[in-house]
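Structure file entry_26.cif with mmCIF, C-alpha atoms:
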```cif
data_final
loop_
_atom_site.label_atom_id
_atom_site.label_comp_id
_atom_site.auth_asym_id
_atom_site.auth_seq_id
_atom_site.Cartn_x
_atom_site.Cartn_y
_atom_site.Cartn_z
CA MET A 1 -17.21 22.99 -20.42
CA GLU A 2 -15.41 23.39 -23.72
CA LEU A 3 -15.20 20.60 -26.28
CA LYS A 4 -12.42 20.90 -28.82
CA ILE A 5 -13.40 19.54 -32.25
CA LYS A 6 -10.84 18.95 -34.98
CA ALA A 7 -11.81 18.53 -38.63
CA LEU A 8 -9.95 15.58 -40.17
CA SER A 9 -11.52 16.07 -43.59
CA PRO A 10 -11.64 19.20 -45.75
CA LYS A 11 -15.38 18.49 -46.21
CA ILE A 12 -16.06 19.46 -42.59
CA GLY A 13 -17.30 23.03 -42.37
CA THR A 14 -17.95 23.24 -46.11
CA GLU A 15 -19.93 20.27 -47.46
CA ILE A 16 -20.59 18.72 -44.03
CA GLU A 17 -21.63 20.68 -40.96
CA TYR A 18 -19.75 20.58 -37.68
CA PRO A 19 -21.66 18.86 -34.86
CA SER A 20 -24.26 21.13 -33.33
CA TYR A 21 -27.26 21.04 -31.03
CA ALA A 22 -30.53 21.14 -33.02
CA THR A 23 -32.38 23.06 -30.27
CA SER A 24 -31.52 24.82 -27.03
CA GLY A 25 -32.88 21.81 -25.13
CA SER A 26 -30.97 19.14 -27.07
CA ALA A 27 -28.76 16.82 -25.01
CA GLY A 28 -26.95 15.43 -28.04
CA MET A 29 -25.32 17.02 -31.05
CA ASP A 30 -25.71 15.46 -34.46
CA LEU A 31 -22.84 13.54 -36.05
CA ARG A 32 -22.84 13.31 -39.84
CA ALA A 33 -21.49 10.79 -42.34
CA CYS A 34 -18.23 12.05 -43.87
CA ILE A 35 -18.27 9.89 -46.98
CA ASP A 36 -17.63 10.51 -50.69
CA GLY A 37 -20.76 8.76 -51.94
CA PRO A 38 -23.72 6.73 -50.71
CA LEU A 39 -22.89 3.86 -48.36
CA THR A 40 -25.10 0.79 -47.97
CA VAL A 41 -25.95 -0.65 -44.56
CA PRO A 42 -27.24 -4.12 -45.50
CA GLY A 43 -30.52 -5.31 -44.01
CA GLY A 44 -30.67 -8.31 -41.73
CA GLY A 45 -28.58 -6.99 -38.84
CA ARG A 46 -25.59 -9.29 -39.34
CA THR A 47 -23.23 -6.74 -40.90
CA CYS A 48 -21.62 -3.80 -39.15
CA VAL A 49 -20.64 -0.79 -41.25
CA LYS A 50 -18.17 1.73 -39.81
CA VAL A 51 -19.11 5.22 -40.94
CA PRO A 52 -16.47 7.95 -40.62
CA THR A 53 -17.44 11.39 -39.29
CA GLY A 54 -14.27 13.24 -40.33
CA LEU A 55 -13.92 14.53 -36.76
CA ALA A 56 -11.76 14.08 -33.68
CA ILE A 57 -12.44 15.59 -30.26
CA ALA A 58 -10.53 16.46 -27.12
CA LEU A 59 -12.47 16.22 -23.90
CA PRO A 60 -11.03 18.44 -21.15
CA GLY A 61 -10.05 15.53 -18.88
CA PRO A 62 -10.98 12.16 -17.36
CA GLU A 63 -13.94 13.74 -15.58
CA TYR A 64 -15.82 13.66 -18.92
CA VAL A 65 -16.87 11.02 -21.45
CA ALA A 66 -18.48 11.41 -24.87
CA LEU A 67 -21.16 8.87 -25.69
CA VAL A 68 -22.41 8.09 -29.19
CA PHE A 69 -26.10 7.20 -29.37
CA ALA A 70 -28.36 6.10 -32.22
CA ARG A 71 -30.73 8.54 -33.85
CA SER A 72 -34.22 7.44 -32.89
CA GLY A 73 -35.66 8.22 -36.33
CA LEU A 74 -33.19 5.95 -38.12
CA ALA A 75 -33.91 3.15 -35.67
CA ALA A 76 -37.70 3.51 -35.63
CA LYS A 77 -38.20 4.07 -39.36
CA HIS A 78 -35.45 1.92 -40.88
CA GLY A 79 -34.04 -0.38 -38.17
CA VAL A 80 -30.63 1.30 -38.35
CA ALA A 81 -28.90 1.57 -34.97
CA LEU A 82 -25.48 1.41 -33.38
CA ALA A 83 -23.96 -2.05 -33.61
CA ASN A 84 -22.53 -1.77 -30.09
CA GLY A 85 -25.55 -0.09 -28.47
CA VAL A 86 -23.62 2.96 -27.25
CA GLY A 87 -20.21 4.14 -28.34
CA VAL A 88 -17.82 5.29 -25.60
CA ILE A 89 -15.21 7.92 -26.39
CA ASP A 90 -12.68 8.14 -23.57
CA SER A 91 -11.09 11.44 -22.60
CA ASP A 92 -7.68 10.40 -23.92
CA TYR A 93 -8.85 9.23 -27.39
CA ARG A 94 -7.78 11.53 -30.22
CA GLY A 95 -8.61 9.45 -33.30
CA GLU A 96 -11.47 9.83 -35.72
CA ILE A 97 -14.96 9.26 -34.38
CA GLN A 98 -16.51 6.45 -36.39
CA VAL A 99 -20.05 5.19 -35.99
CA ALA A 100 -20.63 1.43 -36.20
CA LEU A 101 -24.09 0.89 -37.67
CA SER A 102 -26.19 -2.24 -38.18
CA ASN A 103 -29.48 -2.51 -40.01
CA HIS A 104 -32.05 -4.69 -38.24
CA GLY A 105 -34.63 -4.07 -40.95
CA TRP A 106 -35.01 -6.27 -44.00
CA LYS A 107 -34.30 -3.63 -46.63
CA ASP A 108 -30.83 -2.22 -47.25
CA TYR A 109 -30.42 1.37 -46.07
CA LEU A 110 -28.43 3.91 -48.07
CA ILE A 111 -26.52 6.54 -46.06
CA GLN A 112 -25.96 9.76 -47.97
CA PRO A 113 -22.89 12.03 -47.57
CA GLY A 114 -23.54 14.51 -44.76
CA GLU A 115 -26.53 12.56 -43.40
CA ARG A 116 -27.08 12.69 -39.65
CA ILE A 117 -26.17 9.21 -38.41
CA ALA A 118 -25.80 9.47 -34.62
CA GLN A 119 -25.79 11.80 -31.63
CA LEU A 120 -22.87 12.77 -29.42
CA VAL A 121 -23.56 13.43 -25.73
CA VAL A 122 -20.91 14.67 -23.30
CA LEU A 123 -21.39 13.62 -19.67
CA PRO A 124 -19.47 13.88 -16.41
CA VAL A 125 -17.75 10.74 -15.15
CA ALA A 126 -16.89 9.62 -11.65
CA GLN A 127 -13.91 7.29 -11.73
CA ALA A 128 -14.39 4.75 -8.95
CA GLU A 129 -11.79 3.80 -6.39
CA ILE A 130 -11.82 -0.01 -6.55
CA LEU A 131 -12.27 -1.70 -3.19
CA VAL A 132 -11.98 -5.50 -3.25
CA THR A 133 -14.20 -7.13 -0.60
CA ASP A 134 -15.66 -10.47 0.40
CA THR A 135 -19.06 -9.03 1.36
CA LEU A 136 -21.52 -6.47 0.05
CA ASP A 137 -24.26 -4.59 1.89
CA ASP A 138 -27.68 -6.27 1.88
CA THR A 139 -30.51 -4.55 0.00
CA GLU A 140 -34.23 -5.21 -0.43
CA ARG A 141 -33.59 -6.39 -4.00
CA GLY A 142 -30.51 -8.45 -3.28
CA SER A 143 -29.22 -10.41 -6.26
CA GLY A 144 -32.53 -10.46 -8.17
CA GLY A 145 -32.20 -9.45 -11.80
CA PHE A 146 -33.72 -9.86 -15.23
CA GLY A 147 -37.32 -9.05 -14.35
CA SER A 148 -37.18 -9.92 -10.68
CA THR A 149 -38.83 -6.63 -9.66
CA GLY A 150 -41.93 -7.08 -11.82
CA LYS A 151 -43.17 -7.86 -15.29
CA ALA A 152 -40.24 -8.40 -17.66
#
```

Here is a file; write its structure as structure tokens.
Amino acid sequence: MELKIKALSPKIGTEIEYPSYATSGSAGMDLRACIDGPLTVPGGGRTCVKVPTGLAIALPGPEYVALVFARSGLAAKHGVALANGVGVIDSDYRGEIQVALSNHGWKDYLIQPGERIAQLVVLPVAQAEILVTDTLDDTERGSGGFGSTGKA
């Protein structure tokens, strides 16, 4: 599968690296902050900061999706994570990838230009054929949710 990546900023490829896989076993490629100077993500988790990456992508078709995930180190060490949990980039989106970050820690976090801020994972998608029905098949679990199968 080929992923087309377009640089939207002249910094990409010179000051800021293109996305890449850190190791041969990496599922996600690093996305970096394409900013002119440090950017503050305020502590307390109530503010969302959109961080540009300077990149746009073209997935080969609707059978693929790109998902933006938090970097575990930023979350574990500083409380910085994606504001929306996971970012979804549809196959027909051609705009700049931006990463919405919130800081759940108490101390402000300063993002530096070129800093790795998220991971991009490309996955196959099965688009469902919607079938409206009045009944669903019974299962052992049924409608139990939110801890119904064991300790929450």

>> Residue by residue, what does the PyMOL selection byres ((chain A and resi 55) around 7) grab here? Present the result as a ChimeraX atom specification.
In response: /A:5-8,53-54,56-57,96-97

I'd like the neighbourhood of stretch 114-121 of chain A as a short mmCIF file (atom, residue, chain, number, x, y, z; two decimals) with C-alpha atoms, in the frame of the given file, where a residue qualifies if any of its atoms comes within 9 Å (using only C-alpha atoms), though same-chain residues fewer than 5 positions away should be ignored.
```cif
data_model
loop_
_atom_site.label_atom_id
_atom_site.label_comp_id
_atom_site.auth_asym_id
_atom_site.auth_seq_id
_atom_site.Cartn_x
_atom_site.Cartn_y
_atom_site.Cartn_z
CA GLU A 15 -19.93 20.27 -47.46
CA ILE A 16 -20.59 18.72 -44.03
CA GLU A 17 -21.63 20.68 -40.96
CA PRO A 19 -21.66 18.86 -34.86
CA ALA A 27 -28.76 16.82 -25.01
CA GLY A 28 -26.95 15.43 -28.04
CA MET A 29 -25.32 17.02 -31.05
CA ASP A 30 -25.71 15.46 -34.46
CA LEU A 31 -22.84 13.54 -36.05
CA ARG A 32 -22.84 13.31 -39.84
CA ALA A 33 -21.49 10.79 -42.34
CA CYS A 34 -18.23 12.05 -43.87
CA ILE A 35 -18.27 9.89 -46.98
CA VAL A 51 -19.11 5.22 -40.94
CA THR A 53 -17.44 11.39 -39.29
CA VAL A 65 -16.87 11.02 -21.45
CA ALA A 66 -18.48 11.41 -24.87
CA LEU A 67 -21.16 8.87 -25.69
CA VAL A 68 -22.41 8.09 -29.19
CA PHE A 69 -26.10 7.20 -29.37
CA ALA A 70 -28.36 6.10 -32.22
CA ARG A 71 -30.73 8.54 -33.85
CA SER A 72 -34.22 7.44 -32.89
CA LEU A 74 -33.19 5.95 -38.12
CA ALA A 81 -28.90 1.57 -34.97
CA LEU A 82 -25.48 1.41 -33.38
CA VAL A 99 -20.05 5.19 -35.99
CA LEU A 101 -24.09 0.89 -37.67
#
```

>> For A:Gly37, find every residue with an atom within 9 Å (counting all atoms listed in the file), except residues of its own chain fewer than 5 positions away, and show them as a list in words.
In response: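 That gives Ile111, Gln112 and Pro113 of chain A.
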
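Interatomic distance, atom CA of A:Ala58 against atom CA of A:Gly95: 9.5 Å.
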
> So, counting all atoms listed in the file, which residue among A:Ala83, A:Ile12, A:Ala128, A:Ala22 is closest to A:Cys48?
Replying inline: A:Ala83

With 4 Å on each side, where is the centre of the axis-aligned box around all listed atoms of stretch 10-13 of chain A, and how long are its edges in Å to one decimal, as lines of an AutoDock Vina configuration file?
```
center_x = -14.5
center_y = 20.8
center_z = -44.3
size_x = 13.7
size_y = 12.5
size_z = 11.8
```

> Using all atoms listed in the file, which residues sit within 10 Å of A:Ser102 once same-chain residues fewer than 2 positions away are excluded, as a count of residues only?
Replying inline: 23

> Suppose you want the space between atom CA of A:Thr133 and atom CA of A:Gly145; what is it in Å?
Replying inline: 21.3 Å

> Just how far from atom CA of A:Glu2 is atom CA of A:Pro60, in Å to one decimal?
Replying inline: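 Between atom CA of A:Pro60 and atom CA of A:Glu2 the gap is 7.1 Å.
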
>> I'd like to know which of A:Glu140, A:Glu129, A:Asp108, A:Glu63 is closest to A:Leu39, using only C-alpha atoms.
In response: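 Closest candidate: A:Asp108.
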
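With only C-alpha atoms as the basis for measurement, A:Asp90 is the residue among A:Leu59, A:Pro10, A:Tyr18, A:Asp90 that approaches A:Gln127 most closely.
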
Your completed stretch 14-45 of chain A with N, CA and C atoms, as a compact mmCIF listing (two decimals), keeping the file's coordinate frame:
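And here is the file that came out, part_22.txt:
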```
# COMPACT_ATOMS: atom_id res chain seq x y z
N THR A 14 -17.56 22.78 -44.77
CA THR A 14 -17.95 23.24 -46.11
C THR A 14 -19.13 22.41 -46.61
N GLU A 15 -18.87 21.17 -46.99
CA GLU A 15 -19.93 20.27 -47.46
C GLU A 15 -20.70 19.63 -46.30
N ILE A 16 -20.01 19.42 -45.18
CA ILE A 16 -20.59 18.72 -44.03
C ILE A 16 -20.47 19.62 -42.81
N GLU A 17 -21.59 19.80 -42.13
CA GLU A 17 -21.63 20.68 -40.96
C GLU A 17 -20.87 20.09 -39.78
N TYR A 18 -20.31 20.99 -38.96
CA TYR A 18 -19.75 20.58 -37.68
C TYR A 18 -20.89 20.09 -36.80
N PRO A 19 -20.60 19.27 -35.79
CA PRO A 19 -21.66 18.86 -34.86
C PRO A 19 -22.27 20.09 -34.20
N SER A 20 -23.57 20.02 -33.99
CA SER A 20 -24.26 21.13 -33.33
C SER A 20 -25.51 20.59 -32.65
N TYR A 21 -26.02 21.38 -31.71
CA TYR A 21 -27.26 21.04 -31.03
C TYR A 21 -28.41 21.58 -31.87
N ALA A 22 -29.41 20.74 -32.17
CA ALA A 22 -30.53 21.14 -33.02
C ALA A 22 -31.41 22.20 -32.34
N THR A 23 -31.57 22.09 -31.01
CA THR A 23 -32.38 23.06 -30.27
C THR A 23 -31.66 23.40 -28.97
N SER A 24 -32.14 24.42 -28.30
CA SER A 24 -31.52 24.82 -27.03
C SER A 24 -31.69 23.77 -25.94
N GLY A 25 -32.65 22.87 -26.11
CA GLY A 25 -32.88 21.81 -25.13
C GLY A 25 -32.28 20.47 -25.51
N SER A 26 -31.55 20.41 -26.62
CA SER A 26 -30.97 19.14 -27.07
C SER A 26 -29.85 18.68 -26.16
N ALA A 27 -29.85 17.40 -25.81
CA ALA A 27 -28.76 16.82 -25.01
C ALA A 27 -27.62 16.37 -25.90
N GLY A 28 -27.96 15.95 -27.13
CA GLY A 28 -26.95 15.43 -28.04
C GLY A 28 -26.79 16.32 -29.25
N MET A 29 -25.58 16.30 -29.80
CA MET A 29 -25.32 17.02 -31.05
C MET A 29 -25.21 15.99 -32.17
N ASP A 30 -25.68 16.39 -33.33
CA ASP A 30 -25.71 15.46 -34.46
C ASP A 30 -24.33 15.21 -35.04
N LEU A 31 -24.03 13.94 -35.31
CA LEU A 31 -22.84 13.54 -36.05
C LEU A 31 -23.29 13.16 -37.45
N ARG A 32 -22.48 13.53 -38.44
CA ARG A 32 -22.84 13.31 -39.84
C ARG A 32 -21.85 12.39 -40.53
N ALA A 33 -22.32 11.71 -41.56
CA ALA A 33 -21.49 10.79 -42.34
C ALA A 33 -20.54 11.61 -43.22
N CYS A 34 -19.24 11.39 -43.04
CA CYS A 34 -18.23 12.05 -43.87
C CYS A 34 -17.74 11.02 -44.89
N ILE A 35 -18.53 10.89 -45.95
CA ILE A 35 -18.27 9.89 -46.98
C ILE A 35 -18.33 10.56 -48.35
N ASP A 36 -17.68 9.94 -49.35
CA ASP A 36 -17.63 10.51 -50.69
C ASP A 36 -18.90 10.24 -51.49
N GLY A 37 -19.54 9.12 -51.22
CA GLY A 37 -20.76 8.76 -51.94
C GLY A 37 -21.64 7.92 -51.05
N PRO A 38 -22.81 7.54 -51.53
CA PRO A 38 -23.72 6.73 -50.71
C PRO A 38 -23.05 5.45 -50.21
N LEU A 39 -23.44 5.05 -49.01
CA LEU A 39 -22.89 3.86 -48.36
C LEU A 39 -24.06 2.98 -47.92
N THR A 40 -24.01 1.71 -48.28
CA THR A 40 -25.10 0.79 -47.97
C THR A 40 -24.86 0.12 -46.61
N VAL A 41 -25.92 0.14 -45.79
CA VAL A 41 -25.95 -0.65 -44.56
C VAL A 41 -26.91 -1.80 -44.86
N PRO A 42 -26.38 -3.00 -45.09
CA PRO A 42 -27.24 -4.12 -45.50
C PRO A 42 -28.28 -4.49 -44.45
N GLY A 43 -29.46 -4.85 -44.91
CA GLY A 43 -30.52 -5.31 -44.01
C GLY A 43 -30.17 -6.66 -43.42
N GLY A 44 -30.85 -7.01 -42.36
CA GLY A 44 -30.67 -8.31 -41.73
C GLY A 44 -29.89 -8.28 -40.44
N GLY A 45 -29.24 -7.18 -40.13
CA GLY A 45 -28.58 -6.99 -38.84
C GLY A 45 -27.31 -7.77 -38.60
```
